[in-house]
>>> print(open('entry18.txt').read())   # compact mmCIF, C-alpha atoms and all ligand atoms
# COMPACT_ATOMS: atom_id res chain seq x y z
CA MET A 23 -14.68 -29.20 -5.25
CA PRO A 24 -16.82 -26.55 -6.99
CA THR A 25 -15.54 -25.53 -10.41
CA THR A 26 -16.44 -21.95 -9.60
CA TYR A 27 -16.46 -20.10 -6.33
CA PHE A 28 -18.36 -17.13 -7.76
CA PRO A 29 -21.16 -18.66 -9.84
CA ASP A 30 -23.26 -15.47 -9.78
CA VAL A 31 -20.52 -13.39 -11.37
CA PRO A 32 -19.98 -13.27 -15.14
CA ALA A 33 -16.62 -14.30 -16.63
CA LYS A 34 -15.50 -10.66 -16.80
CA ILE A 35 -16.73 -7.49 -15.12
CA LYS A 36 -16.93 -4.92 -17.90
CA TYR A 37 -17.05 -1.16 -18.25
CA GLU A 38 -20.65 -0.15 -18.96
CA GLY A 39 -20.44 3.58 -18.21
CA PRO A 40 -22.07 5.82 -15.60
CA ASP A 41 -25.63 5.15 -16.78
CA SER A 42 -25.51 1.39 -16.36
CA ALA A 43 -27.82 -0.05 -13.73
CA ASN A 44 -25.80 -3.27 -13.54
CA PRO A 45 -24.07 -3.43 -10.14
CA LEU A 46 -21.56 -5.92 -11.57
CA SER A 47 -20.11 -3.42 -14.03
CA PHE A 48 -17.64 -0.57 -13.90
CA LYS A 49 -19.20 2.86 -14.21
CA HIS A 50 -15.89 4.75 -14.48
CA TYR A 51 -13.00 2.29 -14.73
CA ASP A 52 -12.54 1.71 -18.44
CA ALA A 53 -9.30 -0.30 -18.40
CA ASP A 54 -8.15 0.42 -21.95
CA ALA A 55 -9.31 4.05 -22.17
CA ARG A 56 -6.38 6.42 -22.47
CA ILE A 57 -5.85 9.32 -20.12
CA ALA A 58 -2.77 11.53 -19.97
CA GLY A 59 -0.82 9.28 -22.31
CA LYS A 60 -1.52 5.87 -20.75
CA SER A 61 -4.37 3.41 -20.35
CA MET A 62 -6.28 3.55 -17.07
CA ARG A 63 -5.06 0.03 -16.40
CA ASP A 64 -1.42 1.14 -16.63
CA HIS A 65 -1.95 4.26 -14.52
CA LEU A 66 -3.78 2.48 -11.74
CA ARG A 67 -2.06 -0.92 -11.64
CA PHE A 68 -4.72 -2.37 -9.33
CA ALA A 69 -3.88 -5.25 -7.04
CA ALA A 70 -5.99 -7.31 -4.65
CA CYS A 71 -4.63 -8.89 -1.50
CA MET A 72 -4.81 -12.51 -0.47
CA TRP A 73 -5.20 -11.84 3.25
CA HIS A 74 -8.37 -9.74 3.13
CA CYS A 75 -9.96 -11.38 0.09
CA MET A 76 -9.55 -15.02 0.98
CA LYS A 77 -8.68 -15.34 4.66
CA GLN A 78 -10.18 -14.78 8.08
CA GLY A 79 -13.76 -14.40 6.89
CA ASN A 80 -14.46 -11.13 8.71
CA ALA A 81 -13.45 -12.47 12.12
CA ASP A 82 -12.79 -9.62 14.55
CA PRO A 83 -11.50 -9.43 18.14
CA PHE A 84 -15.09 -9.95 19.36
CA GLY A 85 -16.32 -12.75 17.16
CA VAL A 86 -15.59 -15.60 14.79
CA ALA A 87 -15.80 -15.52 10.98
CA THR A 88 -19.14 -14.50 9.50
CA ARG A 89 -18.35 -14.78 5.81
CA GLN A 90 -19.13 -17.80 3.64
CA MET A 91 -15.79 -18.93 2.26
CA PRO A 92 -16.41 -22.10 0.27
CA TRP A 93 -12.65 -22.41 -0.34
CA ASP A 94 -12.00 -22.75 3.39
CA ASP A 95 -13.39 -26.12 4.48
CA PRO A 96 -12.73 -26.91 8.16
CA SER A 97 -12.91 -30.64 7.44
CA ALA A 98 -10.23 -30.52 4.71
CA ASP A 99 -6.45 -30.57 5.29
CA ALA A 100 -4.51 -27.30 5.33
CA MET A 101 -2.78 -27.77 1.96
CA THR A 102 -6.05 -28.59 0.19
CA ASN A 103 -7.58 -25.43 1.61
CA ALA A 104 -4.49 -23.46 0.59
CA ARG A 105 -4.86 -24.66 -3.01
CA ASN A 106 -8.59 -23.95 -2.99
CA ALA A 107 -7.99 -20.44 -1.68
CA LEU A 108 -5.57 -19.77 -4.56
CA ASP A 109 -8.10 -21.17 -7.05
CA ALA A 110 -10.71 -18.79 -5.61
CA MET A 111 -8.28 -15.84 -5.60
CA PHE A 112 -7.33 -16.29 -9.24
CA GLU A 113 -10.95 -16.81 -10.29
CA PHE A 114 -11.77 -13.59 -8.48
CA LEU A 115 -8.85 -11.67 -10.05
CA THR A 116 -9.72 -12.89 -13.53
CA LYS A 117 -13.39 -12.04 -13.24
CA ILE A 118 -12.83 -8.59 -11.79
CA ASP A 119 -9.98 -7.91 -14.23
CA ILE A 120 -7.37 -6.97 -11.63
CA GLY A 121 -3.87 -7.61 -12.97
CA PHE A 122 -1.84 -7.93 -9.76
CA TRP A 123 -2.03 -9.64 -6.40
CA CYS A 124 -0.14 -9.47 -3.08
CA PHE A 125 0.35 -11.98 -0.27
CA HIS A 126 2.16 -12.78 2.97
CA ASP A 127 3.94 -16.16 3.08
CA ARG A 128 1.41 -17.47 5.62
CA ASP A 129 -1.58 -16.34 3.52
CA ILE A 130 -0.81 -18.86 0.80
CA ALA A 131 0.70 -21.70 2.82
CA PRO A 132 0.00 -22.91 6.35
CA GLU A 133 2.37 -22.45 9.24
CA LEU A 134 3.25 -26.01 10.30
CA PRO A 135 4.79 -27.24 13.57
CA ALA A 136 8.40 -27.19 12.29
CA LEU A 137 9.90 -24.32 10.32
CA ARG A 138 11.34 -26.78 7.80
CA GLU A 139 7.80 -28.02 7.09
CA SER A 140 6.48 -24.48 6.74
CA HIS A 141 9.28 -23.72 4.26
CA ALA A 142 8.35 -26.82 2.24
CA ALA A 143 4.65 -25.95 2.29
CA LEU A 144 5.45 -22.45 1.05
CA GLU A 145 7.57 -23.80 -1.78
CA GLU A 146 4.78 -26.12 -2.84
CA MET A 147 2.22 -23.34 -2.84
CA VAL A 148 4.55 -20.97 -4.69
CA ALA A 149 4.81 -23.56 -7.46
CA TYR A 150 1.00 -23.75 -7.52
CA ALA A 151 0.70 -19.95 -7.58
CA LYS A 152 3.23 -19.77 -10.42
CA GLN A 153 1.03 -22.04 -12.49
CA LYS A 154 -2.01 -19.87 -11.63
CA GLN A 155 -0.12 -16.74 -12.71
CA GLN A 156 0.84 -18.38 -16.00
CA ASP A 157 -2.73 -19.52 -16.66
CA THR A 158 -4.26 -16.11 -15.99
CA GLY A 159 -1.57 -13.51 -16.77
CA VAL A 160 -1.94 -12.06 -13.27
CA GLU A 161 1.35 -10.76 -11.81
CA LEU A 162 2.67 -10.41 -8.29
CA LEU A 163 2.80 -6.75 -7.24
CA TRP A 164 4.75 -7.55 -4.08
CA GLY A 165 5.43 -10.30 -1.63
CA THR A 166 5.95 -10.11 2.11
CA ALA A 167 6.40 -12.23 5.21
CA CYS A 168 3.93 -12.42 8.06
CA LEU A 169 6.03 -11.55 11.11
CA PHE A 170 3.20 -10.69 13.47
CA ILE A 171 0.63 -13.49 13.93
CA HIS A 172 2.67 -16.24 15.61
CA PRO A 173 3.11 -15.78 19.39
CA ARG A 174 6.92 -15.76 19.01
CA TYR A 175 6.54 -12.33 17.40
CA MET A 176 4.62 -10.83 20.33
CA GLY A 177 7.61 -8.60 21.14
CA GLY A 178 8.44 -7.83 17.52
CA ALA A 179 10.40 -9.65 14.82
CA GLY A 180 13.45 -7.58 13.84
CA THR A 181 12.98 -5.73 17.13
CA SER A 182 12.36 -8.78 19.29
CA PRO A 183 14.32 -8.94 22.55
CA SER A 184 15.29 -12.48 21.46
CA PRO A 185 17.94 -13.15 18.79
CA GLU A 186 16.34 -16.56 18.16
CA VAL A 187 13.09 -14.84 17.24
CA PHE A 188 15.14 -12.48 15.05
CA ALA A 189 16.55 -15.57 13.34
CA HIS A 190 13.04 -16.93 12.70
CA ALA A 191 12.04 -13.60 11.18
CA ALA A 192 15.16 -13.61 9.01
CA ALA A 193 14.37 -17.15 7.85
CA GLN A 194 10.85 -16.16 6.86
CA VAL A 195 12.07 -13.05 5.05
CA ARG A 196 14.61 -15.16 3.17
CA ARG A 197 11.98 -17.62 1.99
CA ALA A 198 9.47 -14.87 1.17
CA LEU A 199 12.16 -13.16 -0.94
CA ASP A 200 12.77 -16.47 -2.72
CA ALA A 201 9.02 -16.74 -3.32
CA THR A 202 8.87 -13.18 -4.66
CA LYS A 203 11.74 -13.92 -7.04
CA GLU A 204 10.19 -17.19 -8.21
CA LEU A 205 6.88 -15.46 -8.94
CA GLY A 206 8.45 -12.49 -10.75
CA GLY A 207 7.21 -10.06 -8.07
CA HIS A 208 7.57 -6.34 -8.77
CA GLY A 209 8.50 -5.40 -5.20
CA TYR A 210 8.71 -6.55 -1.61
CA VAL A 211 7.03 -4.95 1.42
CA PHE A 212 8.16 -4.63 4.99
CA TRP A 213 5.21 -3.58 7.08
CA GLY A 214 6.34 -3.20 10.70
CA GLY A 215 3.99 -5.82 12.10
CA ARG A 216 4.88 -5.61 15.79
CA GLU A 217 8.09 -3.61 15.32
CA GLY A 218 7.40 -1.10 18.05
CA TYR A 219 6.68 -1.14 21.75
CA ASP A 220 3.79 -1.59 24.12
CA THR A 221 5.63 0.22 26.90
CA LEU A 222 8.93 2.10 27.00
CA LEU A 223 9.48 0.70 30.49
CA ASN A 224 10.65 -2.62 29.00
CA THR A 225 12.19 -1.24 25.81
CA GLU A 226 15.68 -0.31 24.63
CA LEU A 227 14.67 1.95 21.80
CA SER A 228 18.05 2.50 20.17
CA ARG A 229 18.88 -1.20 20.22
CA ASP A 230 15.51 -2.06 18.67
CA LEU A 231 16.13 0.38 15.81
CA ASP A 232 19.65 -0.96 15.23
CA HIS A 233 18.28 -4.49 15.09
CA LEU A 234 15.50 -3.57 12.67
CA ALA A 235 18.05 -1.89 10.40
CA LYS A 236 20.22 -5.01 10.64
CA LEU A 237 17.35 -7.19 9.40
CA LEU A 238 16.71 -4.84 6.49
CA HIS A 239 20.41 -4.74 5.54
CA LEU A 240 20.52 -8.54 5.64
CA ALA A 241 17.50 -8.57 3.34
CA VAL A 242 19.18 -6.13 0.94
CA ASP A 243 22.29 -8.34 0.84
CA TYR A 244 20.17 -11.42 0.21
CA LYS A 245 18.12 -9.72 -2.48
CA LYS A 246 21.35 -8.90 -4.33
CA SER A 247 22.68 -12.42 -3.87
CA ILE A 248 19.64 -14.00 -5.55
CA GLY A 249 19.41 -11.35 -8.29
CA LEU A 250 16.03 -10.03 -7.16
CA ASP A 251 16.18 -6.60 -8.75
CA VAL A 252 13.06 -4.92 -7.38
CA PRO A 253 12.49 -2.16 -4.82
CA PHE A 254 11.84 -2.82 -1.16
CA TYR A 255 9.08 -0.83 0.48
CA ILE A 256 8.52 0.10 4.09
CA GLU A 257 4.85 0.60 4.90
CA PRO A 258 4.47 3.30 7.56
CA LYS A 259 1.93 2.82 10.34
CA PRO A 260 1.87 4.64 13.70
CA LYS A 261 0.01 2.26 16.00
CA GLU A 262 -1.91 -1.05 16.04
CA PRO A 263 -0.96 -3.61 16.98
CA THR A 264 1.62 -1.95 19.25
CA THR A 265 1.20 1.33 21.13
CA HIS A 266 3.93 2.90 19.03
CA GLN A 267 5.23 1.48 15.77
CA TYR A 268 8.74 2.54 14.75
CA ASP A 269 7.61 3.10 11.14
CA HIS A 270 5.25 5.79 12.44
CA ASP A 271 4.79 7.80 9.24
CA ALA A 272 6.61 8.65 6.02
CA SER A 273 8.94 11.15 7.66
CA ALA A 274 9.86 8.75 10.50
CA CYS A 275 10.62 6.05 7.92
CA HIS A 276 12.65 8.52 5.90
CA ALA A 277 14.77 9.48 8.93
CA PHE A 278 15.29 5.78 9.75
CA LEU A 279 16.31 4.93 6.18
CA MET A 280 18.74 7.85 6.09
CA LYS A 281 20.27 7.09 9.48
CA TYR A 282 20.95 3.49 8.51
CA GLY A 283 22.09 4.07 4.91
CA LEU A 284 19.13 2.29 3.35
CA THR A 285 17.70 5.00 1.07
CA ASP A 286 19.10 3.44 -2.13
CA HIS A 287 17.13 0.27 -1.58
CA PHE A 288 13.81 1.44 -0.17
CA LYS A 289 10.75 3.40 -1.18
CA LEU A 290 7.54 3.61 0.82
CA ASN A 291 4.23 1.82 0.48
CA ILE A 292 1.70 4.41 1.65
CA GLU A 293 -1.56 3.11 3.09
CA ALA A 294 -4.41 5.61 3.21
CA ASN A 295 -5.73 4.70 6.63
CA HIS A 296 -2.28 4.42 8.19
CA ALA A 297 -1.82 8.06 7.20
CA ALA A 298 -5.05 8.92 9.02
CA LEU A 299 -3.96 6.99 12.11
CA ALA A 300 -0.76 9.08 12.12
CA GLY A 301 -2.86 12.26 12.10
CA HIS A 302 -2.07 13.01 8.45
CA SER A 303 -4.10 12.98 5.29
CA PHE A 304 -3.38 10.32 2.65
CA HIS A 305 -2.49 13.25 0.38
CA HIS A 306 0.08 14.52 2.88
CA GLU A 307 1.90 11.20 3.08
CA LEU A 308 1.98 10.90 -0.70
CA GLU A 309 3.20 14.48 -1.11
CA TYR A 310 5.92 13.84 1.47
CA CYS A 311 7.03 10.87 -0.65
CA ARG A 312 6.90 12.87 -3.86
CA ALA A 313 9.03 15.60 -2.28
CA ASN A 314 11.64 13.06 -1.18
CA ASP A 315 11.61 10.57 -4.05
CA LEU A 316 10.10 7.91 -1.81
CA LEU A 317 6.88 7.10 -3.64
CA GLY A 318 6.86 3.37 -4.23
CA SER A 319 3.43 1.81 -3.97
CA ILE A 320 0.03 2.41 -2.40
CA ASP A 321 -2.23 0.39 -0.11
CA ALA A 322 -5.63 1.77 -1.03
CA ASN A 323 -8.29 1.84 1.67
CA ARG A 324 -9.86 4.23 4.13
CA GLY A 325 -10.67 4.36 7.84
CA GLY A 326 -13.94 4.93 9.60
CA GLU A 327 -13.71 8.65 10.18
CA ASN A 328 -14.93 8.60 13.77
CA ILE A 329 -13.42 5.33 14.89
CA GLY A 330 -9.65 5.78 14.89
CA TRP A 331 -8.96 2.10 14.25
CA ASP A 332 -7.34 0.44 11.30
CA THR A 333 -10.69 -0.54 9.80
CA ASP A 334 -9.33 -1.20 6.29
CA GLN A 335 -12.52 -0.13 4.51
CA PHE A 336 -12.71 0.06 0.74
CA PRO A 337 -11.89 3.50 -0.66
CA THR A 338 -14.96 5.50 -1.68
CA ASN A 339 -14.00 9.08 -0.90
CA LEU A 340 -13.45 10.91 -4.20
CA TYR A 341 -11.50 13.76 -2.61
CA ASP A 342 -8.99 11.22 -1.33
CA THR A 343 -8.67 9.41 -4.63
CA ALA A 344 -8.46 12.61 -6.71
CA LEU A 345 -5.76 14.14 -4.51
CA ALA A 346 -3.85 10.86 -4.41
CA MET A 347 -3.95 10.60 -8.20
CA LEU A 348 -2.93 14.25 -8.54
CA THR A 349 0.21 13.53 -6.54
CA LEU A 350 0.84 10.28 -8.39
CA LEU A 351 0.50 11.92 -11.83
CA ARG A 352 2.75 14.78 -10.77
CA ALA A 353 5.31 12.26 -9.54
CA GLY A 354 5.29 10.60 -12.97
CA GLY A 355 3.17 7.58 -12.00
CA PHE A 356 4.10 4.17 -10.69
CA THR A 357 7.28 2.47 -11.85
CA HIS A 358 7.19 -0.82 -9.93
CA GLY A 359 4.33 -0.16 -7.53
CA GLY A 360 0.58 -0.19 -7.87
CA LEU A 361 -2.70 0.35 -6.05
CA ASN A 362 -3.25 -2.60 -3.76
CA PHE A 363 -6.64 -2.79 -2.09
CA ASP A 364 -5.55 -3.49 1.47
CA ALA A 365 -9.22 -3.48 2.43
CA LYS A 366 -11.80 -5.93 3.68
CA VAL A 367 -15.54 -6.15 3.37
CA ARG A 368 -17.54 -5.38 6.51
CA ARG A 369 -18.55 -8.07 8.96
CA GLN A 370 -22.11 -8.19 7.66
CA SER A 371 -20.99 -8.45 4.04
CA THR A 372 -21.30 -12.19 4.21
CA GLU A 373 -21.64 -13.34 0.61
CA PRO A 374 -18.82 -14.02 -1.88
CA ILE A 375 -20.36 -11.47 -4.27
CA ASP A 376 -19.74 -8.68 -1.75
CA LEU A 377 -16.06 -9.01 -2.57
CA PHE A 378 -16.93 -7.90 -6.11
CA HIS A 379 -19.10 -4.98 -5.03
CA ALA A 380 -16.27 -3.82 -2.76
CA HIS A 381 -13.55 -3.90 -5.40
CA ILE A 382 -15.76 -2.47 -8.14
CA GLY A 383 -16.46 0.50 -5.86
CA GLY A 384 -12.79 1.01 -5.05
CA MET A 385 -11.72 0.74 -8.68
CA ASP A 386 -14.40 3.17 -9.83
CA ALA A 387 -13.46 5.59 -7.04
CA PHE A 388 -9.82 5.60 -8.17
CA ALA A 389 -10.84 5.81 -11.84
CA ARG A 390 -12.84 8.94 -11.03
CA GLY A 391 -9.91 10.27 -9.05
CA LEU A 392 -7.61 9.65 -12.01
CA LYS A 393 -9.95 11.40 -14.44
CA ALA A 394 -10.35 14.39 -12.13
CA ALA A 395 -6.60 14.65 -11.50
CA ALA A 396 -5.76 14.51 -15.20
CA LYS A 397 -8.29 17.27 -15.91
CA ILE A 398 -7.00 19.44 -13.07
CA ILE A 399 -3.48 19.20 -14.46
CA GLU A 400 -4.66 19.88 -18.01
CA ASP A 401 -6.78 22.81 -16.85
CA GLY A 402 -3.66 24.38 -15.30
CA ARG A 403 -5.44 26.89 -13.06
CA ILE A 404 -4.24 25.31 -9.83
CA ASP A 405 -0.65 25.24 -11.10
CA GLU A 406 -0.94 28.89 -12.19
CA LEU A 407 -2.14 29.96 -8.76
CA VAL A 408 0.64 28.06 -7.04
CA ASN A 409 3.23 29.50 -9.41
CA ALA A 410 1.89 33.00 -8.78
CA ARG A 411 2.20 32.42 -5.02
CA TYR A 412 5.85 31.46 -5.36
CA ALA A 413 6.70 33.98 -8.12
CA GLY A 414 9.04 35.89 -5.80
CA TRP A 415 11.43 32.97 -5.84
CA ASP A 416 11.94 33.46 -9.57
CA THR A 417 13.24 37.00 -9.07
CA ASP A 418 16.91 37.85 -8.64
CA LEU A 419 16.67 37.77 -4.83
CA GLY A 420 14.81 34.46 -4.71
CA ARG A 421 17.22 32.78 -7.09
CA LYS A 422 20.25 34.00 -5.15
CA ILE A 423 18.87 32.66 -1.85
CA GLU A 424 18.04 29.34 -3.44
CA ALA A 425 21.51 29.10 -4.96
CA GLY A 426 23.15 29.78 -1.59
CA GLN A 427 24.76 33.00 -2.83
CA VAL A 428 23.80 35.26 0.09
CA THR A 429 24.66 35.53 3.77
CA LEU A 430 22.49 36.50 6.71
CA ALA A 431 24.23 39.90 6.63
CA ASP A 432 23.31 40.36 2.93
CA LEU A 433 19.71 39.55 3.76
CA ASP A 434 19.72 41.97 6.69
CA GLU A 435 20.80 44.65 4.19
CA VAL A 436 18.07 43.68 1.71
CA ALA A 437 15.43 43.55 4.44
CA GLN A 438 16.30 47.02 5.65
CA GLN A 439 15.80 48.37 2.15
CA THR A 440 12.47 46.59 1.52
CA ASP A 441 9.20 47.55 3.11
CA VAL A 442 7.35 44.22 3.50
CA GLN A 443 4.06 44.36 5.38
CA THR A 444 2.29 41.31 3.97
CA ALA A 445 2.88 38.04 2.03
CA PRO A 446 1.48 36.56 -1.21
CA VAL A 447 -2.22 35.77 -1.23
CA GLY A 448 -3.07 32.08 -0.52
CA ARG A 449 -6.29 31.67 -2.57
CA GLN A 450 -7.33 28.56 -0.64
CA GLU A 451 -11.06 29.02 -1.25
CA LEU A 452 -10.62 29.52 -4.97
CA LEU A 453 -8.35 26.46 -5.13
CA GLU A 454 -10.94 24.40 -3.29
CA ASN A 455 -13.62 25.64 -5.69
CA ILE A 456 -11.56 24.57 -8.69
CA LEU A 457 -11.03 21.13 -7.17
CA ASN A 458 -14.78 20.81 -6.61
CA GLU A 459 -15.48 21.65 -10.26
CA TYR A 460 -13.90 18.32 -11.16
CA LEU A 461 -15.60 16.11 -8.57
C1 LIG A 501 -1.45 -3.87 8.26
C2 LIG A 501 -1.16 -3.81 6.82
C3 LIG A 501 -0.52 -5.03 6.24
C4 LIG A 501 0.50 -4.74 5.21
C5 LIG A 501 1.21 -5.95 4.70
O1 LIG A 501 -2.11 -2.76 8.75
O2 LIG A 501 -1.48 -2.86 6.17
O3 LIG A 501 -1.52 -5.84 5.75
O4 LIG A 501 -0.07 -4.09 4.11
O5 LIG A 501 1.86 -6.63 5.71
CO CO A 502 -1.24 -2.37 4.17
>>> encode(input="entry18.txt", output="C-alpha cells", more="lines below")
Ligand code: XUL
Ligand code: CO
Amino acid sequence: MPTTYFPDVPAKIKYEGPDSANPLSFKHYDADARIAGKSMRDHLRFAACMWHCMKQGNADPFGVATRQMPWDDPSADAMTNARNALDAMFEFLTKIDIGFWCFHDRDIAPELPALRESHAALEEMVAYAKQKQQDTGVELLWGTACLFIHPRYMGGAGTSPSPEVFAHAAAQVRRALDATKELGGHGYVFWGGREGYDTLLNTELSRDLDHLAKLLHLAVDYKKSIGLDVPFYIEPKPKEPTTHQYDHDASACHAFLMKYGLTDHFKLNIEANHAALAGHSFHHELEYCRANDLLGSIDANRGGENIGWDTDQFPTNLYDTALAMLTLLRAGGFTHGGLNFDAKVRRQSTEPIDLFHAHIGGMDAFARGLKAAAKIIEDGRIDELVNARYAGWDTDLGRKIEAGQVTLADLDEVAQQTDVQTAPVGRQELLENILNEYL
C-alpha cells in the first residue's frame, strides 16, 4: 500500500496571492484572512465529497472509468479498497486544507449481498472514518444514504410502488443517521434520488408524495430518538435520473414541507446546477431560500451552459459565486451548512493531481465571490438603489397596506385621488455596472 496517494502534492496547499505562478497554491483563498467579521474559512466552510473525489473514476453512461485511482484496486477485496479510499480522501482533505467532507453510506462501505452484512460493513467503515476525523480534525458536514443506485430503487425509494423497497430505504436512512451521529455530522441530506416518475401513466402522484413525507417524518422521529440535533436538508433537483423529480426546485420543496408539516425540521441544500436544470439561476434559488428562511447548505458546482445535463463541473463563474455569497452574507452566513463541492473532474482529467487543480479553482472562485460580495455590501450603493426603489413603502400609505390596515375600498378611494402614470425607476444597468466594478 502506498504511504501517499498524492506524492506530487506538498503537505499543505497554501495561499500565495494572485501573483503566484504556482498552480498548487491559492491565489485568493486565504483561510485565516478576515472579511466582514469572520475568517474566510469560517464564511466558506468548504467540504469535498466522497462520491466524486474517490469513486467511479470518471465513468459515464458511454464508457468505463478513465481516471487513475490507486486506492481502488480491482484485485483487492471490497473492505480493503474502502479503507484505502478513506485514506486517500483524508490525505486529500488535509493537503488541500478543506475542513469538511460528505458521503453516502455506499460511498464509504460496499453494498453486500445481505442487508445485515451491508449494515455491518458500514459500521466498520464509520469506525475507521471516525479515527480519520480524529487524526486530521476534518469534520462531517452531512451524511446521506444512497437510495438510487441499487436496482430495487428503480421506481424510487420513499416513493417506490413497493412497501418492501420503502422498508429497505428506511433501513438505510436509519443506519446513515446512526453514522452521521457517530461522526458528529453537522447535518443530513435527502436528495430525491429517484423520487419522481418516468411516466405519469404508471404513477399515483398523491400517494407517492404521501409516502415520501412518511419516510421523512419517520426520519425526524428517529433523529429525535437518537439525540441527533442537526438540521435535515432536502436537495432540490428537477430531473435526472427521472423525467420529473418531486423535489423540483426550492419552491416545490417548500410547498411539500409546508403541506406535510415538516418545515421545523428541514432546510434546503441548494445545488448550483440543479437550479439551472430547473430553469432558475443559482442566485434565484438561494434568494428564494433567504426569503423563506430555508437556506441550509450549498452544493457548489456548475453545469455546462449548452448541455442541459447534470454535468457537476467545478464552479469557476465569478458572477455565480459573487451573487451566491451576496445572498449568503445577507442571510447571516451558514449556521450548520457549508459549501460542498458536488463536482467531478472531467473525463480526460485522468491524474490524481487534477483533483487538486479542480478544488483549488473552486475555492479561489468562491473566495473571490466572498471578497466581491463583502465589498458590495460595504459600498452600499446597491442597497441604496434598492431602498430608493421601494421608498414608497416607507410612507404612510405603504406602511398601512403592509400592516393590513386598509380595505380594497380604501385603496379605490386613494387611487382615485392619486394621478399615477409611471412606477419607480429600476436602474438595472447601473446596478449591473456596480456589480462589474467588483469582479
Ligand atoms: C445528485 C446530487 C447528489 C446529492 C447527494 O445530483 O447532487 O450527489 O448531492 O445525494
Ligand atoms: Co448535490
>>> closest_atom_pairs(input="entry18.txt", of="chain A", to="ligand LIG 501 (chain A)", cutoff="7 Å", atoms="all atoms listed in the file", output="CSV")
residue,atom,partner,partner_atom,distance
A:His126,CA,A:LIG501,O5,6.7
A:Thr166,CA,A:LIG501,O5,6.5
A:Cys168,CA,A:LIG501,O5,6.6
A:Val211,CA,A:LIG501,C5,6.8
A:Phe212,CA,A:LIG501,O5,6.6
A:Trp213,CA,A:LIG501,O5,4.7
A:Gly215,CA,A:LIG501,O5,6.8
A:Glu257,CA,A:LIG501,O4,6.8
A:Glu293,CA,A:LIG501,O2,6.7
A:Asp321,CA,A:LIG501,O4,6.5
A:Asp332,CA,A:LIG501,O1,6.6
A:Asp364,CA,A:LIG501,O4,6.1
>>> write_last_selection(input="entry18.txt", atoms="C-alpha atoms", output="short mmCIF file (atom, residue, chain, number, x, y, z; two decimals), keeping the file's coordinate frame")
data_model
loop_
_atom_site.label_atom_id
_atom_site.label_comp_id
_atom_site.auth_asym_id
_atom_site.auth_seq_id
_atom_site.Cartn_x
_atom_site.Cartn_y
_atom_site.Cartn_z
CA HIS A 126 2.16 -12.78 2.97
CA THR A 166 5.95 -10.11 2.11
CA CYS A 168 3.93 -12.42 8.06
CA VAL A 211 7.03 -4.95 1.42
CA PHE A 212 8.16 -4.63 4.99
CA TRP A 213 5.21 -3.58 7.08
CA GLY A 215 3.99 -5.82 12.10
CA GLU A 257 4.85 0.60 4.90
CA GLU A 293 -1.56 3.11 3.09
CA ASP A 321 -2.23 0.39 -0.11
CA ASP A 332 -7.34 0.44 11.30
CA ASP A 364 -5.55 -3.49 1.47
#
>>> closest_residue(input="entry18.txt", among="A:Ala198, A:Ala300, A:Ile456, A:Ile404", to="Arg128 in chain A", atoms="only C-alpha atoms")
A:Ala198
>>> residues_near_ligand(input="entry18.txt", ligand="ligand CO 502 (chain A)", cutoff="12 Å", atoms="only C-alpha atoms and all ligand atoms", output="number ranges by chain")
A: 69-74, 124-126, 164-166, 168, 211-215, 255-259, 262, 290-297, 319-324, 332-335, 361-366
>>> closest_residue(input="entry18.txt", among="A:Leu162, A:Ala142, A:Leu205, A:Ile35", to="Phe68 in chain A", atoms="only C-alpha atoms")
A:Leu162
>>> closest_residue(input="entry18.txt", among="A:His270, A:Arg229, A:His305, A:Lys60", to="Gly180 in chain A", atoms="all atoms listed in the file")
A:Arg229
>>> closest_residue(input="entry18.txt", among="A:Lys422, A:His233, A:Arg105, A:Arg312", to="Tyr268 in chain A", atoms="all atoms listed in the file")
A:His233
>>> closest_residue(input="entry18.txt", among="A:Tyr282, A:Trp331, A:Phe378, A:Tyr51", to="Gly391 in chain A", atoms="only C-alpha atoms")
A:Tyr51
